[in-house]
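**Q** See structure_2.csv below, with CSV, C-alpha atoms.
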```csv
chain,number,residue,atom,x,y,z
B,851,MET,CA,-38.6,-4.3,-0.5
B,852,GLU,CA,-36.4,-7.4,-0.9
B,853,HIS,CA,-37.6,-7.9,-4.4
B,854,ARG,CA,-36.9,-4.3,-5.3
B,855,VAL,CA,-33.4,-4.4,-3.9
B,856,SER,CA,-32.7,-7.7,-5.8
B,857,SER,CA,-34.0,-6.2,-9.0
B,858,SER,CA,-31.9,-3.0,-8.6
B,859,LEU,CA,-28.8,-5.0,-7.8
B,860,LEU,CA,-29.3,-7.2,-10.9
B,861,LEU,CA,-29.7,-4.0,-13.0
B,862,CYS,CA,-26.5,-2.6,-11.6
B,863,LEU,CA,-24.5,-5.8,-12.2
B,864,LEU,CA,-25.9,-6.0,-15.8
B,865,THR,CA,-25.0,-2.4,-16.4
B,866,LEU,CA,-21.5,-2.8,-15.1
B,867,SER,CA,-21.1,-6.0,-17.2
B,868,SER,CA,-22.1,-4.2,-20.4
B,869,LEU,CA,-19.7,-1.4,-19.7
B,870,PHE,CA,-16.7,-3.6,-19.8
B,871,ASN,CA,-17.8,-6.4,-22.1
B,872,ALA,CA,-16.2,-5.0,-25.2
B,873,ASP,CA,-12.8,-4.7,-23.6
B,874,ARG,CA,-13.2,-7.7,-21.2
B,875,ALA,CA,-10.3,-9.8,-22.6
B,876,SER,CA,-7.8,-7.0,-22.5
B,877,ALA,CA,-9.0,-5.7,-19.1
B,878,GLN,CA,-8.5,-9.2,-17.6
B,879,GLN,CA,-4.9,-9.2,-18.6
B,880,LYS,CA,-3.9,-5.7,-17.5
B,881,PHE,CA,-5.3,-4.4,-14.2
B,882,GLY,CA,-4.9,-5.8,-10.7
B,883,ILE,CA,-5.6,-4.7,-7.2
B,884,ASN,CA,-3.9,-5.4,-3.8
B,885,TYR,CA,-6.3,-6.8,-1.3
B,886,GLY,CA,-4.7,-6.1,2.1
B,887,GLN,CA,-6.5,-7.1,5.3
B,888,ILE,CA,-4.7,-5.3,8.2
B,889,ALA,CA,-8.0,-4.0,9.5
B,890,ASN,CA,-10.8,-5.1,11.9
B,891,ASN,CA,-13.8,-3.8,9.9
B,892,LEU,CA,-13.5,-5.3,6.4
B,893,PRO,CA,-16.4,-7.0,4.6
B,894,ASP,CA,-16.7,-10.7,4.2
B,895,PRO,CA,-14.7,-12.0,1.2
B,896,THR,CA,-17.8,-13.2,-0.5
B,897,ARG,CA,-19.0,-9.6,-0.7
B,898,VAL,CA,-15.6,-8.5,-1.9
B,899,ALA,CA,-15.8,-11.1,-4.7
B,900,GLY,CA,-19.0,-9.6,-5.9
B,901,LEU,CA,-17.6,-6.1,-5.8
B,902,LEU,CA,-14.5,-7.0,-7.8
B,903,GLN,CA,-16.5,-9.0,-10.4
B,904,SER,CA,-18.9,-6.2,-10.9
B,905,MET,CA,-15.9,-3.9,-11.6
B,906,ASN,CA,-14.4,-6.5,-14.0
B,907,VAL,CA,-11.2,-6.5,-11.9
B,908,ASN,CA,-10.0,-10.1,-12.1
B,909,LYS,CA,-6.4,-9.9,-10.9
B,910,VAL,CA,-5.9,-9.8,-7.1
B,911,LYS,CA,-2.8,-9.8,-5.0
B,912,LEU,CA,-2.9,-11.0,-1.4
B,913,TYR,CA,-0.3,-10.7,1.4
B,914,ASP,CA,-1.0,-14.2,2.7
B,915,ALA,CA,-2.9,-17.2,1.5
B,916,ASP,CA,-6.2,-16.6,3.4
B,917,PRO,CA,-8.3,-19.8,2.8
B,918,LYS,CA,-11.6,-17.7,3.3
B,919,VAL,CA,-10.6,-15.4,0.4
B,920,LEU,CA,-9.5,-18.2,-1.9
B,921,THR,CA,-12.7,-20.2,-1.2
B,922,ALA,CA,-14.9,-17.1,-1.8
B,923,PHE,CA,-13.3,-16.5,-5.2
B,924,ALA,CA,-13.7,-20.1,-6.4
B,925,ASN,CA,-15.1,-20.4,-9.9
B,926,THR,CA,-15.0,-16.6,-10.4
B,927,GLY,CA,-12.1,-16.6,-12.9
B,928,VAL,CA,-10.2,-14.1,-10.7
B,929,GLU,CA,-6.5,-14.7,-10.8
B,930,PHE,CA,-4.5,-14.6,-7.6
B,931,ILE,CA,-1.0,-13.8,-6.4
B,932,ILE,CA,-0.7,-15.3,-2.9
B,933,ALA,CA,2.1,-14.8,-0.4
B,934,ILE,CA,4.5,-16.5,2.0
B,935,GLY,CA,5.5,-14.1,4.8
B,936,ASN,CA,9.0,-13.0,5.6
B,937,GLU,CA,8.9,-14.9,8.8
B,938,ASN,CA,8.7,-18.2,6.9
B,939,ILE,CA,11.6,-17.6,4.5
B,940,GLN,CA,14.3,-19.3,6.7
B,941,THR,CA,12.1,-22.4,7.2
B,942,MET,CA,11.4,-22.7,3.5
B,943,ALA,CA,15.1,-22.3,2.6
B,944,SER,CA,16.3,-24.9,5.1
B,945,SER,CA,13.5,-27.5,4.7
B,946,PRO,CA,12.2,-28.5,1.3
B,947,GLY,CA,9.6,-30.6,3.2
B,948,ALA,CA,8.3,-27.4,4.8
B,949,ALA,CA,7.9,-25.8,1.3
B,950,GLN,CA,6.0,-28.8,0.0
B,951,GLN,CA,3.8,-28.9,3.1
B,952,TRP,CA,3.0,-25.2,2.6
B,953,VAL,CA,2.1,-25.7,-1.1
B,954,SER,CA,0.0,-28.8,-0.2
B,955,GLN,CA,-1.9,-26.8,2.3
B,956,HIS,CA,-2.3,-23.4,0.7
B,957,VAL,CA,-2.3,-24.0,-3.0
B,958,GLN,CA,-3.3,-27.6,-3.9
B,959,PRO,CA,-6.7,-27.7,-2.2
B,960,PHE,CA,-7.9,-24.5,-4.1
B,961,VAL,CA,-6.8,-25.1,-7.7
B,962,PRO,CA,-8.2,-25.2,-10.3
B,963,ALA,CA,-11.4,-23.7,-8.9
B,964,THR,CA,-9.5,-20.7,-7.7
B,965,ARG,CA,-6.9,-19.4,-10.2
B,966,ILE,CA,-3.6,-19.1,-8.4
B,967,SER,CA,-0.9,-17.9,-10.8
B,968,CYS,CA,2.0,-16.8,-8.6
B,969,ILE,CA,3.4,-17.1,-5.1
B,970,THR,CA,5.5,-14.3,-3.7
B,971,VAL,CA,8.1,-15.4,-1.2
B,972,GLY,CA,8.6,-12.5,1.2
B,973,ASN,CA,7.9,-8.8,0.7
B,974,GLU,CA,10.7,-6.2,0.3
B,975,VAL,CA,13.3,-8.5,1.8
B,976,LEU,CA,16.3,-6.8,0.2
B,977,GLY,CA,16.8,-3.5,1.9
B,978,ASN,CA,15.5,-4.4,5.3
B,979,ASN,CA,19.0,-4.8,6.7
B,980,ASP,CA,18.6,-8.5,7.4
B,981,MET,CA,21.4,-10.1,5.4
B,982,GLY,CA,20.5,-13.6,6.7
B,983,MET,CA,17.0,-13.3,5.3
B,984,ALA,CA,18.4,-11.9,2.1
B,985,ALA,CA,20.7,-14.9,1.8
B,986,ASN,CA,17.8,-17.3,2.3
B,987,LEU,CA,15.5,-15.6,-0.2
B,988,VAL,CA,16.5,-17.4,-3.4
B,989,PRO,CA,16.9,-20.8,-1.7
B,990,ALA,CA,13.4,-20.4,-0.3
B,991,MET,CA,12.0,-19.4,-3.7
B,992,GLN,CA,13.7,-22.4,-5.3
B,993,ALA,CA,12.2,-24.7,-2.6
B,994,VAL,CA,8.7,-23.4,-3.3
B,995,HIS,CA,9.2,-23.8,-7.0
B,996,ASP,CA,10.4,-27.3,-6.6
B,997,ALA,CA,7.4,-28.2,-4.4
B,998,LEU,CA,5.1,-26.8,-7.1
B,999,VAL,CA,6.8,-29.0,-9.8
B,1000,ALA,CA,6.7,-32.0,-7.5
B,1001,LEU,CA,2.9,-31.6,-7.1
B,1002,GLY,CA,2.3,-31.0,-10.8
B,1003,LEU,CA,1.7,-27.3,-10.5
B,1004,GLY,CA,4.9,-25.9,-11.8
B,1005,GLY,CA,3.4,-25.1,-15.2
B,1006,GLN,CA,0.6,-22.9,-13.8
B,1007,VAL,CA,2.1,-21.2,-10.7
B,1008,THR,CA,5.2,-19.1,-10.8
B,1009,VAL,CA,7.3,-17.9,-7.8
B,1010,SER,CA,8.6,-14.4,-7.3
B,1011,SER,CA,9.3,-11.8,-4.5
B,1012,ALA,CA,8.3,-8.2,-4.4
B,1013,HIS,CA,11.0,-5.5,-4.0
B,1014,SER,CA,11.0,-1.9,-3.0
B,1015,ALA,CA,13.0,1.0,-4.6
B,1016,ALA,CA,15.7,0.3,-2.0
B,1017,VAL,CA,17.2,-2.3,-4.2
B,1018,LEU,CA,18.2,0.4,-6.7
B,1019,ALA,CA,21.4,2.5,-6.2
B,1020,SER,CA,20.4,4.7,-9.0
B,1021,SER,CA,17.1,5.2,-10.8
B,1022,PHE,CA,17.4,8.7,-12.4
B,1023,PRO,CA,17.9,9.1,-15.2
B,1024,PRO,CA,16.5,5.7,-16.1
B,1025,SER,CA,19.5,4.9,-18.3
B,1026,SER,CA,21.6,5.0,-15.2
B,1027,GLY,CA,19.5,2.4,-13.4
B,1028,ALA,CA,21.6,0.1,-11.2
B,1029,PHE,CA,21.2,-2.2,-8.3
B,1030,GLN,CA,22.8,-1.6,-4.9
B,1031,GLU,CA,26.3,-3.2,-5.0
B,1032,SER,CA,25.8,-4.7,-1.6
B,1033,PHE,CA,22.8,-6.6,-2.9
B,1034,ALA,CA,24.7,-8.1,-5.9
B,1035,PRO,CA,25.4,-11.4,-4.2
B,1036,TYR,CA,21.6,-11.8,-3.8
B,1037,ILE,CA,20.3,-10.1,-7.0
B,1038,LYS,CA,22.4,-12.2,-9.4
B,1039,PRO,CA,21.0,-15.6,-8.3
B,1040,LEU,CA,17.5,-14.0,-8.0
B,1041,LEU,CA,17.6,-12.9,-11.7
B,1042,ASP,CA,19.0,-16.2,-12.7
B,1043,PHE,CA,16.1,-17.9,-11.0
B,1044,HIS,CA,13.6,-15.6,-12.8
B,1045,SER,CA,15.2,-16.3,-16.1
B,1046,LYS,CA,15.2,-20.0,-15.6
B,1047,THR,CA,11.6,-20.3,-14.3
B,1048,GLY,CA,10.0,-17.6,-16.5
B,1049,SER,CA,8.7,-15.6,-13.5
B,1050,PRO,CA,8.5,-11.8,-13.3
B,1051,PHE,CA,10.5,-9.4,-11.3
B,1052,LEU,CA,8.0,-7.7,-9.0
B,1053,PHE,CA,8.6,-4.0,-8.0
B,1054,ASN,CA,6.7,-1.9,-5.5
B,1055,ALA,CA,6.9,1.7,-6.9
B,1056,TYR,CA,5.5,4.8,-5.2
B,1057,PRO,CA,6.1,8.1,-6.8
B,1058,PHE,CA,4.2,9.6,-3.9
B,1059,PHE,CA,7.3,8.9,-1.7
B,1060,ALA,CA,9.5,10.9,-4.0
B,1061,TYR,CA,7.1,13.9,-4.0
B,1062,LYS,CA,6.5,13.7,-0.3
B,1063,GLY,CA,10.2,13.7,0.3
B,1064,ASP,CA,11.0,16.7,-1.9
B,1065,PRO,CA,7.9,18.6,-3.1
B,1066,GLY,CA,10.0,21.6,-4.0
B,1067,SER,CA,12.0,19.7,-6.6
B,1068,VAL,CA,9.7,16.9,-7.8
B,1069,SER,CA,7.0,18.0,-10.2
B,1070,LEU,CA,3.5,17.1,-9.1
B,1071,PRO,CA,2.1,16.8,-12.7
B,1072,TYR,CA,5.1,14.6,-13.5
B,1073,VAL,CA,4.2,12.1,-10.7
B,1074,LEU,CA,0.4,12.3,-11.3
B,1075,PHE,CA,0.6,11.5,-15.1
B,1076,GLN,CA,-0.6,15.0,-15.8
B,1077,PRO,CA,0.5,17.3,-18.7
B,1078,ASN,CA,4.1,18.3,-18.3
B,1079,ALA,CA,7.2,19.0,-20.4
B,1080,GLY,CA,8.7,15.6,-19.5
B,1081,VAL,CA,12.2,14.5,-18.8
B,1082,ARG,CA,14.6,13.7,-21.6
B,1083,ASP,CA,17.0,10.7,-21.2
B,1084,GLY,CA,19.0,10.4,-24.3
B,1085,GLY,CA,16.6,9.8,-27.1
B,1086,LEU,CA,13.7,8.9,-24.8
B,1087,VAL,CA,11.2,11.3,-23.1
B,1088,TYR,CA,9.5,10.4,-19.9
B,1089,ASP,CA,6.3,12.2,-18.9
B,1090,ASN,CA,5.8,10.4,-15.6
B,1091,MET,CA,8.0,9.0,-12.8
B,1092,LEU,CA,6.4,5.5,-12.7
B,1093,TYR,CA,7.5,4.6,-16.2
B,1094,ALA,CA,11.0,6.0,-15.5
B,1095,GLN,CA,11.3,3.8,-12.4
B,1096,ILE,CA,10.2,0.7,-14.4
B,1097,ASP,CA,12.8,1.4,-17.1
B,1098,ALA,CA,15.5,1.9,-14.4
B,1099,VAL,CA,14.8,-1.6,-13.3
B,1100,TYR,CA,15.1,-3.0,-16.9
B,1101,VAL,CA,18.4,-1.1,-17.2
B,1102,ALA,CA,19.7,-2.5,-13.9
B,1103,MET,CA,18.8,-6.0,-14.9
B,1104,LYS,CA,20.5,-5.6,-18.3
B,1105,ALA,CA,23.7,-4.5,-16.5
B,1106,MET,CA,23.6,-7.8,-14.7
B,1107,GLY,CA,23.2,-9.8,-17.9
B,1108,HIS,CA,19.4,-10.2,-18.2
B,1109,THR,CA,17.1,-8.9,-20.8
B,1110,ASP,CA,14.7,-11.8,-20.6
B,1111,ILE,CA,12.8,-11.0,-17.4
B,1112,ALA,CA,9.5,-9.1,-17.3
B,1113,VAL,CA,9.0,-6.3,-14.7
B,1114,LYS,CA,5.6,-6.0,-13.1
B,1115,ILE,CA,4.5,-3.4,-10.7
B,1116,SER,CA,3.3,-5.3,-7.7
B,1117,GLU,CA,2.3,-2.2,-5.7
B,1118,THR,CA,1.6,1.4,-6.7
B,1119,GLY,CA,-0.9,3.9,-5.4
B,1120,TRP,CA,-1.4,7.3,-3.7
B,1121,PRO,CA,-3.0,8.0,-0.3
B,1122,SER,CA,-6.1,10.1,0.0
B,1123,LYS,CA,-5.1,11.3,3.5
B,1124,GLY,CA,-2.0,11.7,5.5
B,1125,ASP,CA,-0.4,13.5,8.5
B,1126,GLU,CA,0.2,17.2,8.4
B,1127,ASP,CA,3.8,16.7,7.2
B,1128,GLU,CA,2.8,14.3,4.4
B,1129,VAL,CA,2.7,16.7,1.5
B,1130,GLY,CA,0.5,15.7,-1.4
B,1131,ALA,CA,-1.6,13.1,0.4
B,1132,SER,CA,-5.1,14.1,-0.7
B,1133,VAL,CA,-8.3,12.9,-2.3
B,1134,GLN,CA,-7.6,15.0,-5.4
B,1135,ASN,CA,-4.1,13.7,-5.9
B,1136,ALA,CA,-5.1,10.1,-5.2
B,1137,ALA,CA,-7.9,10.3,-7.7
B,1138,ALA,CA,-5.6,11.8,-10.3
B,1139,TYR,CA,-2.8,9.3,-9.8
B,1140,ASN,CA,-5.0,6.2,-9.9
B,1141,GLY,CA,-7.4,7.4,-12.5
B,1142,ASN,CA,-4.7,8.5,-15.0
B,1143,LEU,CA,-2.7,5.3,-14.4
B,1144,MET,CA,-5.8,3.1,-15.0
B,1145,GLN,CA,-6.4,4.9,-18.3
B,1146,ARG,CA,-2.9,4.2,-19.5
B,1147,VAL,CA,-3.1,0.6,-18.5
B,1148,ALA,CA,-6.4,0.3,-20.3
B,1149,MET,CA,-4.7,1.7,-23.4
B,1150,GLY,CA,-2.0,-1.1,-23.2
B,1151,GLN,CA,0.7,1.5,-23.0
B,1152,GLY,CA,4.4,0.5,-22.6
B,1153,THR,CA,7.3,2.5,-21.2
B,1154,PRO,CA,9.6,4.6,-23.4
B,1155,LEU,CA,12.2,1.9,-23.2
B,1156,LYS,CA,9.7,-1.0,-23.8
B,1157,PRO,CA,6.9,0.6,-25.8
B,1158,ASN,CA,5.6,-2.8,-27.0
B,1159,VAL,CA,5.4,-4.3,-23.5
B,1160,PRO,CA,2.2,-3.1,-21.8
B,1161,VAL,CA,2.7,-1.9,-18.3
B,1162,ASP,CA,1.4,-4.5,-15.8
B,1163,VAL,CA,0.3,-3.0,-12.4
B,1164,PHE,CA,-1.4,-4.0,-9.2
B,1165,VAL,CA,-2.9,-0.8,-7.6
B,1166,PHE,CA,-2.5,-0.5,-3.8
B,1167,ALA,CA,-5.1,-0.9,-2.4
B,1168,LEU,CA,-8.7,-2.1,-2.4
B,1169,PHE,CA,-9.7,-0.9,1.1
B,1170,ASN,CA,-8.4,1.6,3.6
B,1171,GLU,CA,-6.9,-0.5,6.4
B,1172,ASN,CA,-7.4,0.9,9.8
B,1173,MET,CA,-4.9,-1.2,11.7
B,1174,LYS,CA,-1.8,-0.5,9.6
B,1175,PRO,CA,1.0,1.0,11.6
B,1176,GLY,CA,3.0,4.1,10.6
B,1177,PRO,CA,1.9,7.5,9.4
B,1178,ALA,CA,-1.7,8.2,8.5
B,1179,SER,CA,-1.1,7.7,4.8
B,1180,GLU,CA,-0.5,4.0,5.4
B,1181,ARG,CA,-4.2,3.6,6.5
B,1182,ASN,CA,-5.6,5.6,3.5
B,1183,TYR,CA,-4.5,4.1,0.3
B,1184,GLY,CA,-7.8,2.3,-0.4
B,1185,LEU,CA,-10.1,2.9,-3.3
B,1186,PHE,CA,-13.0,1.9,-1.0
B,1187,TYR,CA,-14.0,2.3,2.6
B,1188,PRO,CA,-14.7,-0.9,4.4
B,1189,ASN,CA,-18.4,-0.3,4.0
B,1190,GLY,CA,-18.0,-0.6,0.2
B,1191,SER,CA,-18.4,3.1,-0.6
B,1192,PRO,CA,-15.8,4.7,-2.9
B,1193,VAL,CA,-13.2,6.9,-1.1
B,1194,TYR,CA,-13.2,9.2,-4.1
B,1195,THR,CA,-14.4,9.4,-7.7
B,1196,ILE,CA,-11.9,8.2,-10.2
B,1197,ASN,CA,-12.1,10.3,-13.3
B,1198,ALA,CA,-9.9,11.9,-16.0
B,1199,GLY,CA,-7.8,13.8,-13.5
B,1200,SER,CA,-7.8,16.5,-10.9
B,1201,PRO,CA,-6.3,20.0,-10.3
B,1202,ALA,CA,-2.5,19.6,-10.3
B,1203,GLY,CA,-1.9,21.9,-7.5
B,1204,SER,CA,-4.5,20.6,-5.1
B,1205,SER,CA,-3.2,19.2,-1.8
B,1206,SER,CA,-6.1,19.4,0.6
B,1207,GLY,CA,-8.3,16.5,1.4
B,1208,GLY,CA,-12.0,16.0,1.6
B,1209,GLY,CA,-14.8,15.3,-0.8
B,1210,SER,CA,-14.8,14.1,-4.4
B,1211,VAL,CA,-12.9,15.8,-7.1
B,1212,GLY,CA,-14.9,18.9,-8.1
B,1213,ARG,CA,-13.2,19.7,-11.4
B,1214,THR,CA,-11.7,17.6,-14.2
B,1215,PHE,CA,-9.5,18.3,-17.1
B,1216,ASP,CA,-8.3,16.4,-20.1
B,1217,PRO,CA,-4.8,14.9,-19.5
B,1218,TYR,CA,-4.9,13.6,-23.1
B,1219,SER,CA,-5.3,16.9,-24.8
B,1220,SER,CA,-3.0,18.3,-27.4
B,1221,GLN,CA,-0.5,19.3,-24.7
B,1222,SER,CA,0.3,15.6,-24.0
B,1223,MET,CA,2.5,13.3,-25.9
B,1224,PHE,CA,-0.2,10.9,-27.0
B,1225,SER,CA,-1.3,10.4,-30.6
B,1226,ALA,CA,-4.8,11.3,-31.8
B,1227,ALA,CA,-5.7,7.6,-31.9
B,1228,SER,CA,-4.6,7.2,-28.3
B,1229,ARG,CA,-6.7,10.2,-27.2
B,1230,LEU,CA,-9.7,8.9,-29.1
B,1231,ALA,CA,-9.4,5.5,-27.4
B,1232,VAL,CA,-9.2,7.2,-24.0
B,1233,ARG,CA,-12.3,9.4,-24.6
B,1234,ARG,CA,-14.3,6.3,-25.6
B,1235,ARG,CA,-13.3,4.6,-22.4
B,1236,ARG,CA,-14.2,7.7,-20.5
B,1237,LEU,CA,-17.8,7.4,-21.5
B,1238,SER,CA,-17.9,4.0,-19.8
B,1239,LEU,CA,-16.0,5.4,-16.8
B,1240,TRP,CA,-18.6,8.2,-16.2
B,1241,THR,CA,-21.4,5.7,-16.5
B,1242,LEU,CA,-19.6,3.5,-14.0
B,1243,LEU,CA,-19.3,6.4,-11.6
B,1244,LEU,CA,-23.1,6.8,-11.7
B,1245,VAL,CA,-23.8,3.2,-11.0
B,1246,LEU,CA,-21.0,2.3,-8.5
B,1247,PRO,CA,-22.3,4.2,-5.5
B,1248,MET,CA,-25.7,2.5,-5.8
B,1249,LEU,CA,-24.1,-0.9,-6.3
B,1250,SER,CA,-21.9,-0.4,-3.2
B,1251,ALA,CA,-24.9,0.5,-1.1
B,1252,LEU,CA,-26.8,-2.6,-2.3
B,1253,LEU,CA,-23.9,-5.0,-1.7
B,1254,TRP,CA,-23.4,-3.7,1.8
```
Output the file's structure as structure tokens, nothing else.
**A**
Amino acid sequence: MEHRVSSSLLLCLLTLSSLFNADRASAQQKFGINYGQIANNLPDPTRVAGLLQSMNVNKVKLYDADPKVLTAFANTGVEFIIAIGNENIQTMASSPGAAQQWVSQHVQPFVPATRISCITVGNEVLGNNDMGMAANLVPAMQAVHDALVALGLGGQVTVSSAHSAAVLASSFPPSSGAFQESFAPYIKPLLDFHSKTGSPFLFNAYPFFAYKGDPGSVSLPYVLFQPNAGVRDGGLVYDNMLYAQIDAVYVAMKAMGHTDIAVKISETGWPSKGDEDEVGASVQNAAAYNGNLMQRVAMGQGTPLKPNVPVDVFVFALFNENMKPGPASERNYGLFYPNGSPVYTINAGSPAGSSSGGGSVGRTFDPYSSQSMFSAASRLAVRRRRLSLWTLLLVLPMLSALLW
């Protein structure tokens, strides 16, 4: 029995490897996943490493610097963003020695075996009504950067911080993008830091929240990357909300004198389940949002304002996390259950009007048909990738069962 399982597992891994081999270099540069651990039933990190490698996902974002995870992913080539929690910001800002000690303990022992490319200092600090923490954010980031430089790691590890949509006073239309005036004293030095160090502006974007808040006014196809008439903003047309939010950030940064900073989506996703009042939280919509987004990322698509800059995203999240506080949706963003089985099948899309949960998506449609704004070449590229996606869908459940 053990021999048969090992042989089957090897066959699955070889099949998955062949699926992504042709596009391996581009896939490694584009798609990432958030690996949260607010749960008491998650698999051992060594098993997670095997799962992600088999999927050819090689960019991972953590919310801490868990040594078990960093050790498990040694020599895998997976690239990590690790994190310093909000509770440590004041200490880092006031004590350069504390920053150097943190880097010495949480970064230096793991590189270069584990690829650590970025450290986030705090998460959604601006907008949480703690002005003291906001004032300490950039000094803390600078202290961590200085510590990296002092330890010879400044050239390979950048420093950033992830922000929610609360930093924006206006995001629609994208050409009106602007930061909150009350945050200007903190945003300006933050952008100057990014410009000086070459680090990205990280943005947590959730079109789900917009739809949940006003389903009567927000178009579901528009937020799910499904065919729709689009929204015109001057000479640009937006066929989805995520790209509009990204461009609003670019416009807001330009208004503060910066066109030299990349915007990366550090979190985006859609819950497969929610409370009764969480409109749109469903298996069908989650599959459509993440599936359609992944296809666009695979195509190397840019936004209307930055068409030559591929969108860079970290999908939230790898697993459902059963101990997260808040509404039910917070515990149901995962692509996988903790036992390794997929929460839903990711395919070309799902029925636009579906809002009920349960089961895999039963019907698909072509979001890249002639109704969409994509060129024939783009549609052909997606259809080719879809063949690999469908093969992956046949193999992945078997692989998950064998790994767990």
**Q** What is the distance between CA of Val1101 (chain B) and CA of Ser1025 (chain B), in Å to one decimal?
**A**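 A separation of 6.2 Å between them.
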**Q** Please tabulate, as a Markdown table, the residues of region 1094-1185 of chain B that come within 7 Å of region 1047-1053 of chain B, each with its closest pair of atoms and the distance in Å to one decimal, counting all atoms listed in the file and ordering rows by chain, then residue number upward.
**A**
```
| residue | atom | partner | partner_atom | distance |
| --- | --- | --- | --- | --- |
| B:Ile1111 | CA | B:Pro1050 | CA | 6.0 |
| B:Ala1112 | CA | B:Pro1050 | CA | 4.9 |
| B:Val1113 | CA | B:Phe1051 | CA | 4.8 |
| B:Lys1114 | CA | B:Leu1052 | CA | 5.0 |
| B:Ile1115 | CA | B:Phe1053 | CA | 4.9 |
| B:Ser1116 | CA | B:Leu1052 | CA | 5.4 |
| B:Glu1117 | CA | B:Phe1053 | CA | 6.9 |
```
**Q** Between CA of Thr896 (chain B) and CA of Phe881 (chain B), what is the distance, to one decimal in Å?
**A**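 Here the two named atoms are 20.5 Å from each other.
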**Q** Of the residues B:Ala1015, B:Leu1041, B:Ala1136, B:Leu998, which is the one nearest to Leu1074 (chain B), using only C-alpha atoms?
**A**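 For Leu1074 (chain B), the nearest of the given residues is B:Ala1136.
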**Q** So what do you get for CA of Val1017 (chain B) versus CA of Val1161 (chain B), distance-wise?
**A**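 That distance, rounded to one decimal, is 20.2 Å.
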**Q** Taking (13.8, -17.2, -1.4) in the file's coordinates, which residues come within 9 Å, counting only C-alpha atoms, written as an mmCIF file with C-alpha atoms, in the coordinates of the input?
**A**
```cif
data_model
loop_
_atom_site.group_PDB
_atom_site.id
_atom_site.type_symbol
_atom_site.label_atom_id
_atom_site.label_comp_id
_atom_site.auth_asym_id
_atom_site.auth_seq_id
_atom_site.Cartn_x
_atom_site.Cartn_y
_atom_site.Cartn_z
ATOM 1 C CA ILE B 939 11.600 -17.600 4.500
ATOM 2 C CA GLN B 940 14.300 -19.300 6.700
ATOM 3 C CA MET B 942 11.400 -22.700 3.500
ATOM 4 C CA ALA B 943 15.100 -22.300 2.600
ATOM 5 C CA VAL B 971 8.100 -15.400 -1.200
ATOM 6 C CA GLY B 972 8.600 -12.500 1.200
ATOM 7 C CA MET B 983 17.000 -13.300 5.300
ATOM 8 C CA ALA B 984 18.400 -11.900 2.100
ATOM 9 C CA ALA B 985 20.700 -14.900 1.800
ATOM 10 C CA ASN B 986 17.800 -17.300 2.300
ATOM 11 C CA LEU B 987 15.500 -15.600 -0.200
ATOM 12 C CA VAL B 988 16.500 -17.400 -3.400
ATOM 13 C CA PRO B 989 16.900 -20.800 -1.700
ATOM 14 C CA ALA B 990 13.400 -20.400 -0.300
ATOM 15 C CA MET B 991 12.000 -19.400 -3.700
ATOM 16 C CA GLN B 992 13.700 -22.400 -5.300
ATOM 17 C CA ALA B 993 12.200 -24.700 -2.600
ATOM 18 C CA VAL B 994 8.700 -23.400 -3.300
ATOM 19 C CA SER B 1010 8.600 -14.400 -7.300
ATOM 20 C CA SER B 1011 9.300 -11.800 -4.500
ATOM 21 C CA LEU B 1040 17.500 -14.000 -8.000
#
```
